[in-house]
Each structure stands twice: as C-alpha cells, then as structure tokens.
Amino acid sequence: MESVKGDYQDLVDEISAVLGAPATLEDRDFRLIAFGAHDSGSGFDETTLDPVRTRSILTRRSTAEVRAWFEKFGIATAQGPVHIPADPAAGVLRGRLCLPVRHRGVVHGYVWLLEEADGPPGPVPDAAMAVCARIGELLADEARARADLGPHLLTLLTSESADSRSAALASLGAALGDSGPYALLCVAPWAGAVPGVRKVPGAAALCLLPVPGPAGPRLAALIRIRTKADLPPAHHAAAALLTAPGPVVGIGDPVTALDDLPGAWREASAAARAALARPHLGPVAEWSGIGPYRLLAALPDSGPGHPVDPVVRPLLEPAHAELARTAEAFLDCAGQAGRTAGALNIHRQTLYYRLSRVEQLTGLDLHNGEDRLLLHMSLKAARL
C-alpha cells in the first residue's frame, strides 16, 4: 500500500509541476490522498492560507458541509475542469480549480488547485488532464480491489427478482462504470474457494454458481477487455484459472453493457458444456466456435430428470453404451460405413449388425433423414 501512496504523491507532484502551483488530491468522498508542497522561496505568505484547505490537510478530510458546498458546482458530473469562485462567508478565501479524476466515465476523486488573486488561470494543459487520467486508473484499480463485486454479479446472473437484479446492476455500474466491453467466463466444474480478483488478470468480479449436474459448480469471471474483438485478455484469465486438469472454460461473446451479462453467461455456460462433452473443443471454448452445440446448449442440462425423446431413451441405457457410441460415430461420419468402421476399428459387418440393433431398439430408420437428425441431436444433447 505504501508504494501506491507513493505513486499518488508522484502524480500530484507532476501535476503541480505542469501547472506551476501546488495541487491537492482527494478521493470522491473528499478524503485527502496527497498534496503538493508550497515553494518557500516563491513569496509564500501564510496569511493567504485558505482555512478549508488547511483543515483538509490537517484532518485528512473535509466536512460534510464543505463537501456539499463544492458539489453544488457540479464537480461530480463534470467532464473537465471546474472553476469555483471564492466565498469568504463559507471560509473559502481563494477561488479553486477542480480537475475531476475520472476513469471509464466514473468520478473517483478530485485534484484541487488554489487560484491566484488575479482570477482563474488559462486553459488547463492536456498534460495535466492526462495525469488525472492516470490517477483515475489507479483509484479505480484500488476500488475494485477493495470492493467484493462477486455477490452483485451472482445476483445479476441468477436472481429471479427484477428488483434484485436492478440493484445488483446499479452496484456493478457504480464500481465499474457504465460502459464495457466485458468478456464473461464460465469455468466448469470448479472445486475450491473463489480466488481473489487480483489473482486473475483483468478480473473485475468473480462468483461461484452451485449448478447441479456434471458441469457444476461453475465459476463466473467478469473480465475487462479493450474492444469486443480483443479476446486475448479473456484467454489470459482462462489460463490463470486452469491450474489443474479437468475443468474447462467457456467464453461468451463480449458485451458492452452490464445488463447484457445474463445472456453472455448463458453463452459462456453453453461453451463450457460443449467443451466438457467434446474435449477437442477445449479446454477453452468460445461461444462463437462451438458450432451446432450453440443450438443444442439451449436444451436443459443433462442429468436426472433430463428430458430425453422416448424413442431414443432405450439406446441411452448403460447396457447399450456401445451401440450408442456406434450410432454417434456413424452419424458423425455422415453415414459413411467405411469411415465409421475405420474410426471404430471394427469390421464393416460388425457395424451393420450394430446399426440394425440401434434401429430395433429405437424404431428409427437410419435411411431416413429426419430420423437421423432426431437420433443425432439426442445423442449430442445427452453428451451435454
């Protein structure tokens, strides 16, 4: 933490040098973070000290009255510098220049400069605002580290209450800003405690969803990315989460708005289910890359009580596992007997015998396209 405080002091000193005046940095709750020193050789006169600023430095924060007075000038929503005139009646003996410290549309603090007696200064150099942006990024990172956004993400993804989802969305927006983009990851199955966000590169929030079935429980990881086409940060986070063999990671299509996260979670979960069912798709699978499983994943998770077409149900009994595997391989090979026999390493006559048994068990005609489609979809859905 000391190194972070040192970073703030260095940045405040940098702004002070750019603007030629001592600056003060406060967070958005008006708690003092760092301040620039007066130059004792520049005609410093202690009689010109501003009581509000002096109290802020000595007590490390401003009073609620002082905060309300300054906020009435719109500093909490301003996108650029704000001039605040002197008001001796309020104890503000000198005018101020407030530089809002923002990151991704959210104000995280304020840089203050006392104005000279001859009035407001000229335009603020871009270099000073660039330093404010760097401060904003530091404050935002620190806020994310302090805030546990996991419960809000969990509520947004799972709650059936519209009011609860709305409150969770507001909490996430206050901490992260209103705009993305974001990538949402699903790690399945996840064993153990939820890791801290600092242990996962780019993570803004993590939570555990106790989903029943072979693909649960699942870990949701919300990852900041630069653009919707920029998925390497999501893959870096996935690599950090795959510390042991077994789990897979599904990545939903990136979204810009936080209220699109439930849809992204359905996609990420589907991609993870597909990677568990078809290992060649994983261990990291993107929703856009799982092909027909995008359609099949819309079906409920497999497991006890999972709906199965009645004509296919006998084939899915454990006693007929070899026949089911043969039928799936035959359909994967587009009904080509030679390719199927080679893939299964069996004689073609053995293949024909097994396929006839499949037809007897199910009543399906493997020469009929719709019957083939029903069987193929049922077998793939059973894998999921």
# chains A, B, ... in the order shown; residues from 1 in each chain; ligands from 1

call {"tool": "residues_around", "arguments": {"residues": "A:Trp265", "least_positions_apart": "3", "cutoff": "10 Å", "atoms": "only C-alpha atoms", "output": "ChimeraX atom specification"}}
result
/A:157-158,183-186,220-222,250-253,260-262,268-271

call {"tool": "write_last_selection", "arguments": {"atoms": "all heavy atoms", "output": "short mmCIF file (atom, residue, chain, number, x, y, z; two decimals), in the first residue's frame"}}
result
data_model
loop_
_atom_site.label_atom_id
_atom_site.label_comp_id
_atom_site.auth_asym_id
_atom_site.auth_seq_id
_atom_site.Cartn_x
_atom_site.Cartn_y
_atom_site.Cartn_z
N LEU A 157 -26.81 -12.64 -12.32
CA LEU A 157 -26.85 -13.82 -13.19
C LEU A 157 -27.91 -14.82 -12.77
O LEU A 157 -28.36 -15.61 -13.61
CB LEU A 157 -25.48 -14.51 -13.19
CG LEU A 157 -24.30 -13.71 -13.71
CD1 LEU A 157 -23.04 -14.58 -13.71
CD2 LEU A 157 -24.57 -13.18 -15.11
N THR A 158 -28.35 -14.80 -11.51
CA THR A 158 -29.19 -15.90 -11.03
C THR A 158 -30.52 -15.48 -10.43
O THR A 158 -31.43 -16.31 -10.36
CB THR A 158 -28.44 -16.73 -9.96
OG1 THR A 158 -28.16 -15.89 -8.82
CG2 THR A 158 -27.14 -17.28 -10.51
N ALA A 183 -15.84 -9.46 -21.15
CA ALA A 183 -15.98 -10.87 -21.51
C ALA A 183 -16.34 -11.63 -20.24
O ALA A 183 -15.79 -11.35 -19.17
CB ALA A 183 -14.69 -11.43 -22.11
N LEU A 184 -17.28 -12.55 -20.34
CA LEU A 184 -17.69 -13.35 -19.19
C LEU A 184 -17.25 -14.79 -19.40
O LEU A 184 -17.51 -15.38 -20.46
CB LEU A 184 -19.21 -13.27 -19.01
CG LEU A 184 -19.76 -13.76 -17.67
CD1 LEU A 184 -19.11 -13.02 -16.50
CD2 LEU A 184 -21.26 -13.58 -17.61
N LEU A 185 -16.56 -15.33 -18.41
CA LEU A 185 -16.02 -16.69 -18.48
C LEU A 185 -16.80 -17.61 -17.56
O LEU A 185 -17.22 -17.20 -16.47
CB LEU A 185 -14.55 -16.71 -18.07
CG LEU A 185 -13.50 -16.35 -19.12
CD1 LEU A 185 -13.75 -14.98 -19.73
CD2 LEU A 185 -12.10 -16.40 -18.50
N CYS A 186 -16.95 -18.86 -17.97
CA CYS A 186 -17.54 -19.91 -17.14
C CYS A 186 -16.51 -21.03 -17.00
O CYS A 186 -16.10 -21.63 -18.00
CB CYS A 186 -18.82 -20.44 -17.77
SG CYS A 186 -19.50 -21.90 -16.92
N ALA A 220 -17.91 -18.00 -12.32
CA ALA A 220 -18.08 -16.91 -13.29
C ALA A 220 -16.99 -15.88 -13.07
O ALA A 220 -16.74 -15.48 -11.93
CB ALA A 220 -19.46 -16.27 -13.15
N ALA A 221 -16.35 -15.46 -14.15
CA ALA A 221 -15.28 -14.45 -14.07
C ALA A 221 -15.59 -13.35 -15.08
O ALA A 221 -15.68 -13.61 -16.28
CB ALA A 221 -13.93 -15.08 -14.36
N LEU A 222 -15.74 -12.13 -14.57
CA LEU A 222 -16.00 -10.96 -15.41
C LEU A 222 -14.68 -10.29 -15.72
O LEU A 222 -13.96 -9.86 -14.81
CB LEU A 222 -16.94 -9.99 -14.68
CG LEU A 222 -17.35 -8.73 -15.44
CD1 LEU A 222 -18.12 -9.08 -16.71
CD2 LEU A 222 -18.19 -7.82 -14.55
N GLY A 250 -15.53 -21.75 -20.73
CA GLY A 250 -16.34 -21.25 -21.83
C GLY A 250 -16.32 -19.73 -21.81
O GLY A 250 -16.36 -19.12 -20.75
N ILE A 251 -16.26 -19.12 -22.98
CA ILE A 251 -16.23 -17.66 -23.10
C ILE A 251 -17.41 -17.22 -23.95
O ILE A 251 -17.54 -17.63 -25.10
CB ILE A 251 -14.92 -17.16 -23.73
CG1 ILE A 251 -13.71 -17.67 -22.94
CG2 ILE A 251 -14.91 -15.63 -23.82
CD1 ILE A 251 -12.36 -17.28 -23.55
N GLY A 252 -18.28 -16.39 -23.37
CA GLY A 252 -19.41 -15.85 -24.12
C GLY A 252 -18.96 -14.74 -25.05
O GLY A 252 -17.85 -14.20 -24.93
N ASP A 253 -19.81 -14.39 -26.00
CA ASP A 253 -19.50 -13.25 -26.86
C ASP A 253 -19.36 -12.00 -26.01
O ASP A 253 -20.16 -11.77 -25.09
CB ASP A 253 -20.61 -13.05 -27.90
CG ASP A 253 -20.45 -13.95 -29.11
OD1 ASP A 253 -19.38 -14.58 -29.25
OD2 ASP A 253 -21.39 -14.04 -29.92
N ASP A 260 -26.31 -6.84 -20.30
CA ASP A 260 -26.25 -7.95 -21.26
C ASP A 260 -25.51 -9.16 -20.68
O ASP A 260 -25.36 -10.18 -21.37
CB ASP A 260 -25.54 -7.50 -22.55
CG ASP A 260 -26.39 -6.53 -23.36
OD1 ASP A 260 -27.63 -6.62 -23.26
OD2 ASP A 260 -25.82 -5.69 -24.08
N LEU A 261 -25.04 -9.04 -19.44
CA LEU A 261 -24.23 -10.14 -18.87
C LEU A 261 -25.01 -11.44 -18.69
O LEU A 261 -24.43 -12.52 -18.88
CB LEU A 261 -23.62 -9.70 -17.54
CG LEU A 261 -22.47 -8.68 -17.65
CD1 LEU A 261 -21.99 -8.27 -16.27
CD2 LEU A 261 -21.31 -9.26 -18.47
N PRO A 262 -26.30 -11.44 -18.31
CA PRO A 262 -27.00 -12.73 -18.21
C PRO A 262 -26.99 -13.52 -19.52
O PRO A 262 -26.81 -14.75 -19.51
CB PRO A 262 -28.43 -12.32 -17.80
CG PRO A 262 -28.23 -11.05 -17.04
CD PRO A 262 -27.13 -10.34 -17.77
N ALA A 268 -21.49 -18.45 -22.24
CA ALA A 268 -20.27 -19.00 -21.64
C ALA A 268 -20.52 -20.38 -21.05
O ALA A 268 -19.70 -21.29 -21.18
CB ALA A 268 -19.74 -18.04 -20.57
N SER A 269 -21.68 -20.55 -20.39
CA SER A 269 -22.02 -21.86 -19.82
C SER A 269 -22.19 -22.90 -20.91
O SER A 269 -21.75 -24.06 -20.77
CB SER A 269 -23.32 -21.76 -19.00
OG SER A 269 -23.16 -20.87 -17.93
N ALA A 270 -22.82 -22.51 -22.01
CA ALA A 270 -23.01 -23.45 -23.12
C ALA A 270 -21.67 -23.85 -23.71
O ALA A 270 -21.45 -25.03 -24.04
CB ALA A 270 -23.89 -22.80 -24.19
N ALA A 271 -20.77 -22.88 -23.86
CA ALA A 271 -19.44 -23.21 -24.42
C ALA A 271 -18.68 -24.15 -23.49
O ALA A 271 -17.99 -25.07 -23.95
CB ALA A 271 -18.65 -21.92 -24.65
#

call {"tool": "closest_atom_pairs", "arguments": {"of": "stretch 202-230 of chain A", "to": "stretch 237-244 of chain A", "cutoff": "8 Å", "atoms": "only C-alpha atoms", "output": "Markdown table"}}
result
| residue | atom | partner | partner_atom | distance |
| --- | --- | --- | --- | --- |
| A:Gly202 | CA | A:Ala237 | CA | 6.9 |
| A:Ala203 | CA | A:Ala237 | CA | 7.4 |
| A:Ile223 | CA | A:Ala237 | CA | 7.6 |

call {"tool": "atom_distance", "arguments": {"atom1": "atom CA of A:Gly177", "atom2": "atom CA of A:Leu32"}}
result
23.0 Å

call {"tool": "select_by_dssp", "arguments": {"residues": "stretch 109-335 of chain A", "states": "strand (DSSP E or B)", "output": "ChimeraX atom specification"}}
result
/A:109-114,182-188,203-209,218-224,248-251,255,284-286

call {"tool": "write_last_selection", "arguments": {"atoms": "N, CA, C and O atoms", "output": "compact mmCIF listing (two decimals), in the first residue's frame"}}
result
# COMPACT_ATOMS: atom_id res chain seq x y z
N GLY A 109 -12.25 10.85 -7.85
CA GLY A 109 -11.60 11.81 -6.97
C GLY A 109 -11.49 13.17 -7.63
O GLY A 109 -12.04 13.40 -8.72
N TYR A 110 -10.75 14.07 -6.96
CA TYR A 110 -10.61 15.44 -7.45
C TYR A 110 -9.20 15.93 -7.17
O TYR A 110 -8.63 15.67 -6.10
N VAL A 111 -8.65 16.65 -8.14
CA VAL A 111 -7.40 17.39 -7.95
C VAL A 111 -7.78 18.86 -7.79
O VAL A 111 -8.52 19.42 -8.61
N TRP A 112 -7.28 19.49 -6.71
CA TRP A 112 -7.62 20.87 -6.40
C TRP A 112 -6.39 21.77 -6.51
O TRP A 112 -5.30 21.38 -6.09
N LEU A 113 -6.60 22.96 -7.04
CA LEU A 113 -5.54 23.98 -7.08
C LEU A 113 -6.13 25.31 -6.63
O LEU A 113 -7.23 25.69 -7.07
N LEU A 114 -5.43 25.99 -5.73
CA LEU A 114 -5.84 27.33 -5.32
C LEU A 114 -5.49 28.32 -6.42
O LEU A 114 -4.39 28.28 -6.97
N TYR A 182 -16.87 -6.12 -21.96
CA TYR A 182 -16.55 -7.16 -21.00
C TYR A 182 -16.61 -8.53 -21.68
O TYR A 182 -17.36 -8.71 -22.64
N ALA A 183 -15.84 -9.46 -21.15
CA ALA A 183 -15.98 -10.87 -21.51
C ALA A 183 -16.34 -11.63 -20.24
O ALA A 183 -15.79 -11.35 -19.17
N LEU A 184 -17.28 -12.55 -20.34
CA LEU A 184 -17.69 -13.35 -19.19
C LEU A 184 -17.25 -14.79 -19.40
O LEU A 184 -17.51 -15.38 -20.46
N LEU A 185 -16.56 -15.33 -18.41
CA LEU A 185 -16.02 -16.69 -18.48
C LEU A 185 -16.80 -17.61 -17.56
O LEU A 185 -17.22 -17.20 -16.47
N CYS A 186 -16.95 -18.86 -17.97
CA CYS A 186 -17.54 -19.91 -17.14
C CYS A 186 -16.51 -21.03 -17.00
O CYS A 186 -16.10 -21.63 -18.00
N VAL A 187 -16.06 -21.28 -15.77
CA VAL A 187 -15.12 -22.37 -15.50
C VAL A 187 -15.92 -23.52 -14.88
O VAL A 187 -16.57 -23.35 -13.84
N ALA A 188 -15.89 -24.69 -15.53
CA ALA A 188 -16.71 -25.81 -15.07
C ALA A 188 -15.94 -27.13 -15.21
O ALA A 188 -15.29 -27.33 -16.23
N ALA A 203 -9.49 -9.38 -14.10
CA ALA A 203 -10.78 -9.71 -13.48
C ALA A 203 -11.36 -8.50 -12.75
O ALA A 203 -10.65 -7.80 -12.03
N ALA A 204 -12.66 -8.28 -12.95
CA ALA A 204 -13.38 -7.24 -12.22
C ALA A 204 -14.26 -7.85 -11.13
O ALA A 204 -14.53 -7.21 -10.13
N ALA A 205 -14.71 -9.10 -11.33
CA ALA A 205 -15.56 -9.77 -10.34
C ALA A 205 -15.54 -11.26 -10.60
O ALA A 205 -15.43 -11.70 -11.75
N LEU A 206 -15.67 -12.05 -9.52
CA LEU A 206 -15.77 -13.50 -9.62
C LEU A 206 -16.82 -13.98 -8.64
O LEU A 206 -16.96 -13.43 -7.54
N CYS A 207 -17.54 -15.04 -9.03
CA CYS A 207 -18.52 -15.63 -8.11
C CYS A 207 -18.71 -17.09 -8.47
O CYS A 207 -18.39 -17.52 -9.58
N LEU A 208 -19.24 -17.84 -7.51
CA LEU A 208 -19.46 -19.28 -7.69
C LEU A 208 -20.95 -19.56 -7.79
O LEU A 208 -21.74 -19.09 -6.98
N LEU A 209 -21.32 -20.31 -8.83
CA LEU A 209 -22.72 -20.69 -9.03
C LEU A 209 -22.85 -22.19 -8.76
O LEU A 209 -22.25 -23.00 -9.47
N ARG A 218 -19.97 -23.94 -11.00
CA ARG A 218 -19.26 -23.18 -12.01
C ARG A 218 -18.77 -21.85 -11.45
O ARG A 218 -19.46 -21.23 -10.63
N LEU A 219 -17.64 -21.42 -11.92
CA LEU A 219 -17.09 -20.13 -11.52
C LEU A 219 -17.33 -19.14 -12.65
O LEU A 219 -17.01 -19.42 -13.81
N ALA A 220 -17.91 -18.00 -12.32
CA ALA A 220 -18.08 -16.91 -13.29
C ALA A 220 -16.99 -15.88 -13.07
O ALA A 220 -16.74 -15.48 -11.93
N ALA A 221 -16.35 -15.46 -14.15
CA ALA A 221 -15.28 -14.45 -14.07
C ALA A 221 -15.59 -13.35 -15.08
O ALA A 221 -15.68 -13.61 -16.28
N LEU A 222 -15.74 -12.13 -14.57
CA LEU A 222 -16.00 -10.96 -15.41
C LEU A 222 -14.68 -10.29 -15.72
O LEU A 222 -13.96 -9.86 -14.81
N ILE A 223 -14.36 -10.20 -17.02
CA ILE A 223 -13.04 -9.71 -17.45
C ILE A 223 -13.21 -8.45 -18.29
O ILE A 223 -14.01 -8.41 -19.22
N ARG A 224 -12.44 -7.42 -17.95
CA ARG A 224 -12.41 -6.20 -18.76
C ARG A 224 -11.57 -6.45 -20.01
O ARG A 224 -10.48 -7.02 -19.94
N VAL A 248 -12.84 -26.91 -17.66
CA VAL A 248 -12.76 -26.23 -18.94
C VAL A 248 -13.29 -24.81 -18.75
O VAL A 248 -13.93 -24.49 -17.74
N VAL A 249 -13.04 -23.96 -19.73
CA VAL A 249 -13.51 -22.57 -19.68
C VAL A 249 -14.32 -22.28 -20.93
O VAL A 249 -13.87 -22.54 -22.05
N GLY A 250 -15.53 -21.75 -20.73
CA GLY A 250 -16.34 -21.25 -21.83
C GLY A 250 -16.32 -19.73 -21.81
O GLY A 250 -16.36 -19.12 -20.75
N ILE A 251 -16.26 -19.12 -22.98
CA ILE A 251 -16.23 -17.66 -23.10
C ILE A 251 -17.41 -17.22 -23.95
O ILE A 251 -17.54 -17.63 -25.10
N VAL A 255 -19.66 -8.30 -24.47
CA VAL A 255 -20.79 -7.37 -24.40
C VAL A 255 -20.29 -6.01 -23.98
O VAL A 255 -19.23 -5.87 -23.36
N VAL A 284 -10.38 -24.39 -23.58
CA VAL A 284 -11.00 -23.06 -23.61
C VAL A 284 -11.83 -22.97 -24.89
O VAL A 284 -11.28 -23.10 -25.99
N ALA A 285 -13.13 -22.78 -24.74
CA ALA A 285 -14.02 -22.75 -25.90
C ALA A 285 -14.79 -21.44 -25.93
O ALA A 285 -15.36 -21.02 -24.92
N GLU A 286 -14.78 -20.79 -27.08
CA GLU A 286 -15.57 -19.59 -27.28
C GLU A 286 -16.95 -19.97 -27.83
O GLU A 286 -17.08 -20.90 -28.64

call {"tool": "atom_distance", "arguments": {"atom1": "atom CA of A:Ser166", "atom2": "atom CA of A:Pro181"}}
result
19.4 Å

call {"tool": "atom_distance", "arguments": {"atom1": "atom CA of A:Phe330", "atom2": "atom CA of A:Ala297"}}
result
21.9 Å

call {"tool": "select_by_dssp", "arguments": {"residues": "stretch 129-307 of chain A", "states": "alpha helix (DSSP H)", "output": "MDAnalysis selection string"}}
result
chainID A and resid 129:146 150:158 162:176 232:241 261:277 293:296

call {"tool": "residues_around", "arguments": {"residues": "stretch 344-348 of chain A", "least_positions_apart": "4", "cutoff": "8 Å", "atoms": "only C-alpha atoms", "output": "short mmCIF file (atom, residue, chain, number, x, y, z; two decimals) with N, CA, C and O atoms, in the first residue's frame"}}
result
data_model
loop_
_atom_site.label_atom_id
_atom_site.label_comp_id
_atom_site.auth_asym_id
_atom_site.auth_seq_id
_atom_site.Cartn_x
_atom_site.Cartn_y
_atom_site.Cartn_z
N THR A 326 -21.56 -46.31 -31.30
CA THR A 326 -21.51 -46.67 -32.72
C THR A 326 -22.44 -45.78 -33.54
O THR A 326 -22.06 -45.28 -34.61
N ALA A 329 -20.94 -42.28 -33.86
CA ALA A 329 -19.82 -42.26 -34.82
C ALA A 329 -20.33 -42.35 -36.25
O ALA A 329 -19.82 -41.66 -37.16
N ALA A 337 -20.24 -45.82 -44.14
CA ALA A 337 -19.91 -47.04 -43.40
C ALA A 337 -18.41 -47.27 -43.32
O ALA A 337 -17.89 -47.67 -42.26
N GLY A 338 -17.70 -47.06 -44.43
CA GLY A 338 -16.27 -47.32 -44.43
C GLY A 338 -15.54 -46.43 -43.42
O GLY A 338 -14.68 -46.90 -42.66
N THR A 340 -16.81 -44.96 -40.82
CA THR A 340 -17.24 -45.29 -39.46
C THR A 340 -16.51 -46.53 -38.95
O THR A 340 -16.03 -46.56 -37.81
N TYR A 352 -22.69 -52.99 -39.44
CA TYR A 352 -24.05 -53.18 -39.92
C TYR A 352 -24.93 -53.86 -38.86
O TYR A 352 -26.11 -53.52 -38.70
#

call {"tool": "closest_residue", "arguments": {"among": "A:Phe35, A:Glu65, A:Gly246, A:Ala234", "to": "A:Pro283", "atoms": "only C-alpha atoms"}}
result
A:Gly246

call {"tool": "closest_residue", "arguments": {"among": "A:Val12, A:Leu231, A:Val107, A:Arg383", "to": "A:Arg278", "atoms": "only C-alpha atoms"}}
result
A:Arg383

call {"tool": "residues_around", "arguments": {"residues": "A:Arg372", "least_positions_apart": "2", "cutoff": "12 Å", "atoms": "only C-alpha atoms", "output": "list of chain:residue names"}}
result
A:Val312, A:Ala327, A:Glu328, A:Phe330, A:Leu331, A:Asp332, A:Ala334, A:Gly335, A:Leu355, A:Val358, A:Glu359, A:Thr362, A:Gly363, A:Leu364, A:Asp365, A:Leu366, A:His367, A:Asn368, A:Gly369, A:Glu370, A:Leu374, A:Leu375, A:His376, A:Met377, A:Ser378, A:Leu379

call {"tool": "closest_residue", "arguments": {"among": "A:Glu115, A:Ile84, A:Val101, A:Ala382", "to": "A:Leu296", "atoms": "only C-alpha atoms"}}
result
A:Ala382
